[in-house]
Number of protein chains: 2
Amino acid sequence: MAKSGSGTQERQKTDGTAARPSGGRSVTMETVGRLAGVSQVTVSRALSDPSKVSPATLEKIRQAIETTGFVPNALAGALASRRSKLIAALVPSITNIVYSWMIKAFTEGISGHGYQILLSETGFDPAEEEKLIMTHLSRRPDAILLTGIHHTSEARRMLLAAGIPVVELWDTTESPIDLCVGFSHVEAGRAAADFAVGAGYRNFATVCAGDERATRRRDAFTREVARLCGKNTTAINFEEIARLSHGRDAMRRLIEDEGFRDGVIFCSSDILAHGIIIEANARGLKIPEDVAVIGFGDQEFAAYVEPAITTVRVDRTKLGHTAAAAILARCEGGPSPDRVTDLGFEIIRRKSA
Amino acid sequence: MAKSGSGTQERQKTDGTAARPSGGRSVTMETVGRLAGVSQVTVSRALSDPSKVSPATLEKIRQAIETTGFVPNALAGALASRRSKLIAALVPSITNIVYSWMIKAFTEGISGHGYQILLSETGFDPAEEEKLIMTHLSRRPDAILLTGIHHTSEARRMLLAAGIPVVELWDTTESPIDLCVGFSHVEAGRAAADFAVGAGYRNFATVCAGDERATRRRDAFTREVARLCGKNTTAINFEEIARLSHGRDAMRRLIEDEGFRDGVIFCSSDILAHGIIIEANARGLKIPEDVAVIGFGDQEFAAYVEPAITTVRVDRTKLGHTAAAAILARCEGGPSPDRVTDLGFEIIRRKSA
DNA sequence: TTGTACGCGTTATCAG
DNA sequence: CTGATAACGCGTACAA
């Protein structure tokens with residue numbers, strides 16, 4: 001059943017030396033200017049504000065750039081202007097669709113303004129985040145994007161000292177480092193419980209993966225269920241990032257170990273909900289009659305699995321765009337953005353609950 | 001059913017000015033040195049190679065750094081040393097799990113060597129890629145990672161002129177710009193066809209999303225099927241990125257419009273295959289008896305849906321790690337890496353075909 | 001409209 | 001082990 005490729009081919013440059021930082025002298029504005037018969041500054045101006053240069057010299061410079069293949073050195077530019085046009089972004093996990101969508105939306109939001117993204121993964125670890133903040137700050141980004149509101153105190157100190165716009169995404173707090181765009185996870189968990197109880201379910205369970213925000217939703221759900229009808233909520237937890245197999249495993253455990261039946265399961269993500277649905281189907285259980293499921297995130301597939309997943313929707317796109325707008329306002333000098341923006345969420349009722 | 005958040009709160013700094021590039025004079029090595037009673041150069045050395053500085057002054061410098069909260073300026077460092085410790089990465093789509101895994105694996109591979117990733121999305125568009133290459137090159141990255149082997153000639157020119165390691169990922173070619181790590185999509189499509197025909201299927205279809213590499217797999221599949229048993233292959237194509245709904249839609253069209261039955265469907269991704277499975281289940285069709293499905297990618301969920309998806313597996317992690325090793329070798333001066341590495345693929349037979 | 005002079009914060013080189 | 005000094009390539013005054 002296996003078929004492997006044709007292996008490795010050719011080779012080149014058999015000496016063990018590192019690639020030279022640069023073959024010859026690199027092409028600078030100086031070079032271009034000399035070729036165009038003007039000074040370096042004029043080249044700089046031609047690039048940053050063509051209206052300040054005469055059409056004639058502009059054309060000569062254009063040609064000189066073409067023949068030399070000049071590529072401006074943004075490092076030097078940033079050093080001189082104290083603006084790097086770089087935005088640092090730290091997310092818990094790149095491969096998590098939730099966060100990658102956020103980055104995408106954010107990137108869209110700032111596109112056209114010449115910014116670039118320096119991206120790193122914290123792996124849900126504040127200590128790792130702190131290290132990354134340090135290294136990212138050393139690149140002198142014009143702004144920094146963080147996920148969540150929990151950071152080490154050293155991280156907060158560095159961020160504050162950096163004096164650049166900081167956006168904390170995907171959560172809310174009364175005391176953001178600088179800016180904050182997100183929603184309340186406690187409210188979301190509570191709302192899910194309100195919905196579940198209101199829909200008439202009498203047994204409750206949660207399935208939760210390893211994400212601090214997910215646990216806050218779970219706990220809020222559990223508390224609210226207890227408050228509303230005095231029931232205990234069965235909890236299945238995983239340390240790792242949510243995967244489909246976890247959902248299936250959780251369903252198996254709920255049924256075999258916990259004897260769970262005739263109730264609703266609140267999951268920390270749609271992928272877990274989906275796993276539960278698949279396992280339930282495989283066991284011949286009916287959803288939502290035998291077990292009902294509530295997901296989180298309203299991911300692409302949630303509306304198209306069978307049965308479609310009832311879930312908590314967060315407007316990821318708006319989140320990214322709002323963050324982008326806030327940063328742009330700070331960096332480009334628009335009207336001052338709100339310190340904290342709560343974008344809320346929405347419970348989307350479909351068939352699974 | 002809707003519940004929105006508490007809206008926007010507080011505000012601050014109501015003037016419409018941009019944030020200052022830097023409040024006061026920033027903390028430099030000069031500042032630190034003064035405080036430690038040494039010169040700026042010594043501070044530089046203390047940071048880059050502590051062994052060249054006496055323990056006593058090292059300690060004084062450490063303290064000075066602590067009290068000043070000094071964060072080195074990597075921009076200036078890169079400008080002076082001509083090494084930015086930055087690696088540019090261009091992928092078609094960040095939100096596509098396939099590419100984000102690649103980035104993750106690559107990042108793991110170079111972690112610990114102090115490199116950072118400058119990431120951008122080309123949206124599968126070579127022209128856009130060309131623009132991005134230009135802007136990324138202006139940051140003077142130490143290496144650049146590209147997805148695929150099709151680039152504009154101007155892009156190739158710039159890349160060559162930059163004189164830095166270039167890795168083309170996720171495909172193979174005889175003539176890489178510099179380095180190439182991937183597998184043959186033509187071989188993959190052909191192998192899928194060999195498998196399908198060998199398994200005894202007599203009717204064939206393809207479902208393909210908008211990705212040039214996917215179409216190459218599809219075409220190879222179609223050709224191989226024709227070669228082996230003279231059969232035509234029904235094709236359903238989508239312009240956009242694959243989503244679950246496309247899979248469902250494709251299944252519907254294959255059945256209702258094309259009268260497709262008793263055959264096998266080769267999909268350009270597991271997500272499409274999954275959509276087909278869901279739609280088939282919803283229609284009461286048996287898989288693989290009524291329709292069989294082959295996916296691509298062996299994504300996380302492929303083994304856990306019902307029935308589990310037969311698919312083409314590519315070792316994404318090894319791909320990223322190999323690319324990382326190749327770049328490290330070039331940048332840090334290890335043994336010279338192979339110009340092209342074909343990592344191959346594997347057909348994983350599960351229940352869906 | 002164009003040019004001169006200087007500074008941005010490091011690393012590299014050479015001297016002590 | 002430590003310190004001057006000169007790049008690094010570009011922006012920002014200010015002057016012409």
# chains A, B, ... in the order shown; residues from 1 in each chain; ligands from 1
>>> interface_residues(of="chain A", to="chain C", cutoff="9 Å", atoms="only C-alpha atoms (C1' of nucleotides)", output="list of chain:residue names")
A:Val38, A:Ser39, A:Val41, A:Thr42, A:Lys52, A:Val53, A:Ser54, A:Ala76, A:Ala78, A:Leu79, A:Ala80, A:Ser81, A:Arg82
>>> write_last_selection(atoms="C-alpha atoms", output="PDB file, in the first residue's frame")
ATOM      1  CA  VAL A  38      21.349  62.243  -8.518  1.00  0.00           C
ATOM      2  CA  SER A  39      22.086  61.932  -4.826  1.00  0.00           C
ATOM      3  CA  VAL A  41      18.312  61.388  -0.814  1.00  0.00           C
ATOM      4  CA  THR A  42      16.600  62.023  -4.082  1.00  0.00           C
ATOM      5  CA  LYS A  52       8.484  65.758  -4.464  1.00  0.00           C
ATOM      6  CA  VAL A  53      10.701  64.786  -7.366  1.00  0.00           C
ATOM      7  CA  SER A  54      10.594  66.072 -10.910  1.00  0.00           C
ATOM      8  CA  ALA A  76      17.967  50.564   7.476  1.00  0.00           C
ATOM      9  CA  ALA A  78      13.210  51.308   9.991  1.00  0.00           C
ATOM     10  CA  LEU A  79      16.295  52.130  11.983  1.00  0.00           C
ATOM     11  CA  ALA A  80      16.418  55.631  10.606  1.00  0.00           C
ATOM     12  CA  SER A  81      12.721  56.411  10.741  1.00  0.00           C
ATOM     13  CA  ARG A  82      11.947  54.546  13.924  1.00  0.00           C
TER      14      ARG A  82
END
>>> interface_residues(of="chain D", to="chain B", cutoff="9 Å", atoms="only C-alpha atoms (C1' of nucleotides)", output="PDB file with C-alpha atoms (C1' of nucleotides), in the first residue's frame")
ATOM      1  C1'  DC D   1      39.793  41.537  28.332  1.00  0.00           C
ATOM      2  C1'  DT D   2      38.485  46.214  26.653  1.00  0.00           C
ATOM      3  C1'  DG D   3      37.952  50.377  23.801  1.00  0.00           C
ATOM      4  C1'  DA D   7      30.752  50.881   8.518  1.00  0.00           C
ATOM      5  C1'  DC D   8      25.598  49.181   7.737  1.00  0.00           C
ATOM      6  C1'  DG D   9      21.741  51.826   4.324  1.00  0.00           C
TER       7       DG D   9
END
>>> calpha_fit_and_write(fixed="chain A", moving="chain B", output="CSV table (one decimal) with C-alpha atoms, in the first residue's frame")
chain,number,residue,atom,x,y,z
B,1,MET,CA,0.0,-0.1,0.0
B,2,ALA,CA,3.0,2.2,0.4
B,3,LYS,CA,4.7,4.1,-2.4
B,4,SER,CA,7.5,6.3,-1.7
B,5,GLY,CA,9.2,8.9,-3.8
B,6,SER,CA,12.3,8.7,-5.8
B,7,GLY,CA,14.5,9.9,-3.0
B,8,THR,CA,17.1,12.4,-3.0
B,9,GLN,CA,18.8,13.8,-6.1
B,10,GLU,CA,21.7,15.9,-7.3
B,11,ARG,CA,23.8,18.1,-5.1
B,12,GLN,CA,25.9,21.2,-5.2
B,13,LYS,CA,28.4,23.3,-3.3
B,14,THR,CA,30.0,20.5,-1.3
B,15,ASP,CA,32.1,22.7,0.8
B,16,GLY,CA,30.8,23.0,4.4
B,17,THR,CA,30.7,26.8,4.4
B,18,ALA,CA,27.7,29.0,5.2
B,19,ALA,CA,26.2,31.1,2.4
B,20,ARG,CA,27.9,34.4,2.3
B,21,PRO,CA,25.9,37.2,3.9
B,22,SER,CA,26.2,38.9,0.6
B,23,GLY,CA,28.2,38.1,-2.5
B,24,GLY,CA,29.4,41.5,-3.5
B,25,ARG,CA,28.6,45.0,-2.4
B,26,SER,CA,24.8,45.3,-2.3
B,27,VAL,CA,22.8,47.7,-4.4
B,28,THR,CA,22.0,50.7,-2.4
B,29,MET,CA,20.3,54.0,-3.0
B,30,GLU,CA,23.7,55.4,-3.5
B,31,THR,CA,24.3,53.0,-6.4
B,32,VAL,CA,21.0,53.9,-7.9
B,33,GLY,CA,21.6,57.6,-7.5
B,34,ARG,CA,25.0,57.4,-9.1
B,35,LEU,CA,23.5,55.7,-12.1
B,36,ALA,CA,20.7,58.2,-12.3
B,37,GLY,CA,23.0,61.2,-11.9
B,38,VAL,CA,21.4,62.3,-8.6
B,39,SER,CA,22.3,61.9,-4.9
B,40,GLN,CA,21.2,59.2,-2.6
B,41,VAL,CA,18.7,61.4,-0.8
B,42,THR,CA,16.8,62.1,-4.0
B,43,VAL,CA,16.4,58.4,-4.6
B,44,SER,CA,15.0,58.0,-1.1
B,45,ARG,CA,12.5,60.8,-1.7
B,46,ALA,CA,11.6,59.4,-5.1
B,47,LEU,CA,10.5,56.2,-3.4
B,48,SER,CA,8.8,57.6,-0.3
B,49,ASP,CA,7.2,60.7,-1.8
B,50,PRO,CA,7.4,60.9,-5.6
B,51,SER,CA,5.6,64.2,-5.7
B,52,LYS,CA,8.6,65.9,-4.2
B,53,VAL,CA,10.8,64.9,-7.2
B,54,SER,CA,10.6,66.2,-10.7
B,55,PRO,CA,9.1,63.9,-13.3
B,56,ALA,CA,12.4,63.9,-15.3
B,57,THR,CA,14.6,62.7,-12.5
B,58,LEU,CA,11.9,60.4,-11.3
B,59,GLU,CA,12.1,58.6,-14.6
B,60,LYS,CA,15.8,58.4,-14.6
B,61,ILE,CA,15.7,56.9,-11.1
B,62,ARG,CA,13.0,54.5,-12.1
B,63,GLN,CA,15.3,53.2,-14.9
B,64,ALA,CA,18.3,53.0,-12.6
B,65,ILE,CA,16.3,50.9,-10.2
B,66,GLU,CA,15.2,48.7,-13.0
B,67,THR,CA,18.6,48.1,-14.4
B,68,THR,CA,20.2,47.6,-11.0
B,69,GLY,CA,17.4,45.5,-9.6
B,70,PHE,CA,17.5,47.6,-6.5
B,71,VAL,CA,15.5,46.4,-3.5
B,72,PRO,CA,15.3,48.9,-0.7
B,73,ASN,CA,16.6,47.9,2.7
B,74,ALA,CA,13.8,48.1,5.1
B,75,LEU,CA,16.1,47.4,8.0
B,76,ALA,CA,18.0,50.6,7.5
B,77,GLY,CA,14.8,52.5,6.8
B,78,ALA,CA,13.2,51.3,10.0
B,79,LEU,CA,16.3,52.1,12.0
B,80,ALA,CA,16.4,55.6,10.7
B,81,SER,CA,12.7,56.4,10.8
B,82,ARG,CA,11.9,54.5,14.0
B,83,ARG,CA,9.0,52.9,12.2
B,84,SER,CA,9.4,49.3,11.2
B,85,LYS,CA,6.1,48.7,9.5
B,86,LEU,CA,6.2,45.4,11.3
B,87,ILE,CA,3.5,44.0,13.5
B,88,ALA,CA,4.2,41.2,15.9
B,89,ALA,CA,1.5,38.6,16.5
B,90,LEU,CA,1.5,35.9,19.1
B,91,VAL,CA,-1.0,33.1,19.0
B,92,PRO,CA,-1.3,30.0,21.1
B,93,SER,CA,-1.3,27.8,18.0
B,94,ILE,CA,-0.9,28.4,14.3
B,95,THR,CA,-2.6,25.2,13.3
B,96,ASN,CA,-5.7,25.9,15.3
B,97,ILE,CA,-8.1,27.2,12.7
B,98,VAL,CA,-9.6,29.6,15.2
B,99,TYR,CA,-6.4,31.5,15.6
B,100,SER,CA,-5.3,31.3,12.0
B,101,TRP,CA,-8.6,32.8,10.9
B,102,MET,CA,-8.0,35.6,13.3
B,103,ILE,CA,-4.6,36.3,11.8
B,104,LYS,CA,-6.0,36.2,8.4
B,105,ALA,CA,-8.7,38.7,9.2
B,106,PHE,CA,-6.3,40.9,10.9
B,107,THR,CA,-3.9,40.8,8.0
B,108,GLU,CA,-6.8,41.7,5.6
B,109,GLY,CA,-7.5,44.6,7.9
B,110,ILE,CA,-4.1,46.1,7.7
B,111,SER,CA,-3.3,45.1,4.2
B,112,GLY,CA,-2.6,48.0,1.9
B,113,HIS,CA,-0.9,49.9,4.6
B,114,GLY,CA,2.4,48.2,4.0
B,115,TYR,CA,2.6,46.3,7.2
B,116,GLN,CA,4.0,42.8,7.6
B,117,ILE,CA,3.4,40.2,10.2
B,118,LEU,CA,6.0,38.6,12.5
B,119,LEU,CA,4.2,35.5,13.7
B,120,SER,CA,4.9,33.1,16.6
B,121,GLU,CA,3.3,30.4,18.5
B,122,THR,CA,3.2,30.4,22.3
B,123,GLY,CA,1.8,27.0,22.7
B,124,PHE,CA,-0.6,28.3,25.4
B,125,ASP,CA,2.3,28.9,27.7
B,126,PRO,CA,2.7,32.4,29.3
B,127,ALA,CA,6.4,31.8,30.1
B,128,GLU,CA,7.0,31.0,26.4
B,129,GLU,CA,5.0,34.0,25.5
B,130,GLU,CA,7.2,36.2,27.7
B,131,LYS,CA,10.3,35.0,25.9
B,132,LEU,CA,8.7,35.6,22.5
B,133,ILE,CA,7.5,39.0,23.5
B,134,MET,CA,11.1,39.9,24.3
B,135,THR,CA,12.5,38.6,21.0
B,136,HIS,CA,9.7,40.2,19.0
B,137,LEU,CA,10.1,43.5,20.7
B,138,SER,CA,13.7,43.5,19.7
B,139,ARG,CA,12.6,43.8,16.1
B,140,ARG,CA,10.9,47.0,17.1
B,141,PRO,CA,7.5,46.3,15.7
B,142,ASP,CA,5.1,49.2,15.4
B,143,ALA,CA,2.5,47.3,17.3
B,144,ILE,CA,1.9,43.9,18.9
B,145,LEU,CA,-1.0,41.5,18.9
B,146,LEU,CA,-1.5,39.1,21.8
B,147,THR,CA,-4.0,36.4,22.3
B,148,GLY,CA,-5.9,36.5,25.6
B,149,ILE,CA,-5.5,38.6,28.7
B,150,HIS,CA,-3.2,36.5,30.9
B,151,HIS,CA,0.5,37.4,30.6
B,152,THR,CA,3.4,37.3,33.0
B,153,SER,CA,4.0,40.5,34.9
B,154,GLU,CA,7.4,40.8,33.3
B,155,ALA,CA,5.7,40.6,29.9
B,156,ARG,CA,3.3,43.4,30.9
B,157,ARG,CA,6.3,45.5,32.0
B,158,MET,CA,8.1,45.0,28.7
B,159,LEU,CA,5.0,45.7,26.7
B,160,LEU,CA,4.3,48.9,28.6
B,161,ALA,CA,7.9,50.0,28.3
B,162,ALA,CA,7.9,49.4,24.6
B,163,GLY,CA,5.4,52.2,24.2
B,164,ILE,CA,3.7,50.7,21.2
B,165,PRO,CA,0.1,49.8,20.7
B,166,VAL,CA,-0.8,46.4,22.2
B,167,VAL,CA,-3.9,44.6,21.3
B,168,GLU,CA,-5.2,41.7,23.4
B,169,LEU,CA,-7.5,39.6,21.4
B,170,TRP,CA,-10.1,37.0,21.9
B,171,ASP,CA,-11.1,37.9,25.5
B,172,THR,CA,-12.2,40.9,27.5
B,173,THR,CA,-11.0,42.6,30.6
B,174,GLU,CA,-11.5,45.8,32.5
B,175,SER,CA,-7.7,46.4,32.6
B,176,PRO,CA,-6.1,45.8,29.2
B,177,ILE,CA,-2.5,46.5,28.8
B,178,ASP,CA,-3.5,48.9,26.1
B,179,LEU,CA,-6.3,47.8,23.7
B,180,CYS,CA,-8.6,44.8,24.0
B,181,VAL,CA,-10.9,43.2,21.4
B,182,GLY,CA,-12.9,40.1,22.2
B,183,PHE,CA,-15.8,38.8,24.1
B,184,SER,CA,-16.6,37.3,27.5
B,185,HIS,CA,-15.9,33.6,27.9
B,186,VAL,CA,-17.8,33.5,31.1
B,187,GLU,CA,-20.8,35.1,29.4
B,188,ALA,CA,-20.5,32.6,26.6
B,189,GLY,CA,-20.5,29.6,29.0
B,190,ARG,CA,-23.4,31.0,30.9
B,191,ALA,CA,-25.4,31.7,27.8
B,192,ALA,CA,-24.8,28.1,26.6
B,193,ALA,CA,-26.2,26.9,30.0
B,194,ASP,CA,-29.2,29.2,29.8
B,195,PHE,CA,-29.9,27.8,26.4
B,196,ALA,CA,-29.4,24.2,27.4
B,197,VAL,CA,-31.7,24.5,30.5
B,198,GLY,CA,-34.2,26.6,28.6
B,199,ALA,CA,-34.3,23.9,25.9
B,200,GLY,CA,-35.5,21.5,28.5
B,201,TYR,CA,-32.5,19.2,29.0
B,202,ARG,CA,-32.1,17.6,32.4
B,203,ASN,CA,-28.6,16.0,32.3
B,204,PHE,CA,-25.5,18.0,31.6
B,205,ALA,CA,-21.9,17.3,30.6
B,206,THR,CA,-18.9,19.2,29.4
B,207,VAL,CA,-16.1,18.2,27.1
B,208,CYS,CA,-13.1,20.5,27.3
B,209,ALA,CA,-9.7,20.6,25.7
B,210,GLY,CA,-6.6,22.3,27.1
B,211,ASP,CA,-7.2,26.0,26.7
B,212,GLU,CA,-7.5,28.3,29.6
B,213,ARG,CA,-10.3,30.2,28.0
B,214,ALA,CA,-12.2,27.0,27.2
B,215,THR,CA,-12.1,26.0,30.9
B,216,ARG,CA,-13.6,29.4,31.8
B,217,ARG,CA,-16.5,28.7,29.5
B,218,ARG,CA,-16.9,25.3,30.9
B,219,ASP,CA,-16.8,26.5,34.5
B,220,ALA,CA,-19.3,29.2,33.8
B,221,PHE,CA,-21.6,26.6,32.1
B,222,THR,CA,-21.3,24.3,35.1
B,223,ARG,CA,-22.1,27.1,37.6
B,224,GLU,CA,-25.0,28.4,35.7
B,225,VAL,CA,-26.5,24.9,35.3
B,226,ALA,CA,-26.2,24.4,39.1
B,227,ARG,CA,-27.7,27.8,39.8
B,228,LEU,CA,-30.7,27.2,37.5
B,229,CYS,CA,-31.6,23.7,38.3
B,230,GLY,CA,-29.2,22.4,41.0
B,231,LYS,CA,-27.8,19.7,38.7
B,232,ASN,CA,-24.2,18.5,38.6
B,233,THR,CA,-22.4,18.6,35.3
B,234,THR,CA,-20.2,15.7,34.3
B,235,ALA,CA,-16.8,16.8,33.0
B,236,ILE,CA,-14.5,15.2,30.6
B,237,ASN,CA,-11.2,17.1,30.1
B,238,PHE,CA,-8.3,16.8,27.8
B,239,GLU,CA,-4.9,18.4,28.3
B,240,GLU,CA,-4.1,18.7,24.6
B,241,ILE,CA,-5.5,20.7,21.8
B,242,ALA,CA,-8.9,19.4,20.6
B,243,ARG,CA,-9.0,16.7,18.0
B,244,LEU,CA,-11.8,14.7,16.5
B,245,SER,CA,-10.6,11.6,18.2
B,246,HIS,CA,-11.0,13.3,21.6
B,247,GLY,CA,-14.6,13.9,20.8
B,248,ARG,CA,-15.2,10.3,20.0
B,249,ASP,CA,-13.3,9.2,23.1
B,250,ALA,CA,-15.3,11.6,25.3
B,251,MET,CA,-18.5,10.2,24.0
B,252,ARG,CA,-17.4,6.7,24.6
B,253,ARG,CA,-16.4,7.6,28.2
B,254,LEU,CA,-19.6,9.5,28.9
B,255,ILE,CA,-21.6,6.5,27.8
B,256,GLU,CA,-19.6,3.6,29.1
B,257,ASP,CA,-18.1,5.1,32.2
B,258,GLU,CA,-20.6,7.7,33.2
B,259,GLY,CA,-23.8,6.2,31.9
B,260,PHE,CA,-24.6,9.5,30.4
B,261,ARG,CA,-28.0,9.6,28.6
B,262,ASP,CA,-30.8,12.0,27.7
B,263,GLY,CA,-28.8,15.1,28.2
B,264,VAL,CA,-26.8,17.8,26.6
B,265,ILE,CA,-23.0,18.0,26.2
B,266,PHE,CA,-21.3,21.4,26.0
B,267,CYS,CA,-18.0,21.2,24.1
B,268,SER,CA,-15.1,23.6,24.0
B,269,SER,CA,-15.0,23.4,20.3
B,270,ASP,CA,-16.9,22.3,17.2
B,271,ILE,CA,-14.4,19.7,16.4
B,272,LEU,CA,-15.1,18.0,19.8
B,273,ALA,CA,-18.8,18.2,19.1
B,274,HIS,CA,-18.2,16.7,15.7
B,275,GLY,CA,-16.3,13.8,17.2
B,276,ILE,CA,-19.2,13.2,19.7
B,277,ILE,CA,-21.7,13.2,16.8
B,278,ILE,CA,-19.6,10.6,14.9
B,279,GLU,CA,-19.3,8.4,17.8
B,280,ALA,CA,-22.9,8.7,18.7
B,281,ASN,CA,-23.9,7.8,15.1
B,282,ALA,CA,-21.5,4.8,15.2
B,283,ARG,CA,-23.3,3.6,18.3
B,284,GLY,CA,-26.7,4.1,16.8
B,285,LEU,CA,-27.6,6.9,19.2
B,286,LYS,CA,-29.9,9.6,18.0
B,287,ILE,CA,-28.9,13.2,18.1
B,288,PRO,CA,-30.4,15.3,19.7
B,289,GLU,CA,-32.9,12.8,21.1
B,290,ASP,CA,-30.5,10.5,23.0
B,291,VAL,CA,-27.7,13.0,23.4
B,292,ALA,CA,-27.7,16.6,22.4
B,293,VAL,CA,-24.5,18.5,21.6
B,294,ILE,CA,-23.5,22.2,21.7
B,295,GLY,CA,-20.2,23.2,20.1
B,296,PHE,CA,-18.2,26.3,20.1
B,297,GLY,CA,-16.8,28.5,17.3
B,298,ASP,CA,-19.2,27.9,14.4
B,299,GLN,CA,-16.4,26.6,12.2
B,300,GLU,CA,-16.8,26.1,8.5
B,301,PHE,CA,-18.1,22.5,8.8
B,302,ALA,CA,-20.5,23.0,11.7
B,303,ALA,CA,-23.5,23.7,9.5
B,304,TYR,CA,-22.7,20.9,7.1
B,305,VAL,CA,-22.2,17.8,9.3
B,306,GLU,CA,-25.2,15.6,10.0
B,307,PRO,CA,-26.9,16.7,12.2
B,308,ALA,CA,-25.7,20.3,11.9
B,309,ILE,CA,-24.1,21.5,15.1
B,310,THR,CA,-25.7,24.0,17.5
B,311,THR,CA,-22.9,26.2,18.5
B,312,VAL,CA,-21.6,29.5,19.9
B,313,ARG,CA,-20.6,31.8,17.1
B,314,VAL,CA,-17.9,34.4,17.4
B,315,ASP,CA,-17.4,36.8,14.6
B,316,ARG,CA,-13.7,36.0,13.9
B,317,THR,CA,-13.5,38.3,10.9
B,318,LYS,CA,-15.0,41.3,12.7
B,319,LEU,CA,-12.6,40.5,15.6
B,320,GLY,CA,-9.6,40.7,13.3
B,321,HIS,CA,-10.8,43.7,11.4
B,322,THR,CA,-11.6,45.6,14.6
B,323,ALA,CA,-8.1,44.9,16.0
B,324,ALA,CA,-6.6,46.0,12.7
B,325,ALA,CA,-8.6,49.2,12.7
B,326,ALA,CA,-7.6,49.9,16.3
B,327,ILE,CA,-3.9,49.4,15.5
B,328,LEU,CA,-4.1,51.5,12.3
B,329,ALA,CA,-5.7,54.3,14.2
B,330,ARG,CA,-2.9,54.3,16.7
B,331,CYS,CA,-0.1,53.9,14.2
B,332,GLU,CA,-1.4,56.2,11.5
B,333,GLY,CA,-3.0,58.7,13.7
B,334,GLY,CA,-6.7,58.3,13.1
B,335,PRO,CA,-9.4,58.9,15.8
B,336,SER,CA,-8.4,57.2,19.0
B,337,PRO,CA,-9.8,53.6,19.3
B,338,ASP,CA,-11.8,52.4,22.2
B,339,ARG,CA,-9.7,50.7,24.9
B,340,VAL,CA,-11.9,47.7,25.1
B,341,THR,CA,-14.4,46.4,22.6
B,342,ASP,CA,-16.7,43.5,23.5
B,343,LEU,CA,-17.9,42.0,20.2
B,344,GLY,CA,-20.1,39.5,22.0
B,345,PHE,CA,-21.2,36.1,20.5
B,346,GLU,CA,-24.3,34.4,19.3
B,347,ILE,CA,-25.8,31.0,19.9
B,348,ILE,CA,-26.7,29.4,16.6
B,349,ARG,CA,-29.3,26.8,17.1
B,350,ARG,CA,-29.1,24.0,14.6
B,351,LYS,CA,-30.1,20.4,14.9
B,352,SER,CA,-27.7,18.9,17.4
B,353,ALA,CA,-29.3,20.5,20.4
>>> select_by_dssp(residues="region 31-267 of chain B", states="alpha helix (DSSP H)", output="count of residues only")
118
>>> select_by_dssp(residues="region 214-257 of chain B", states="strand (DSSP E)", output="NGL selection string")
:B and (233-237)
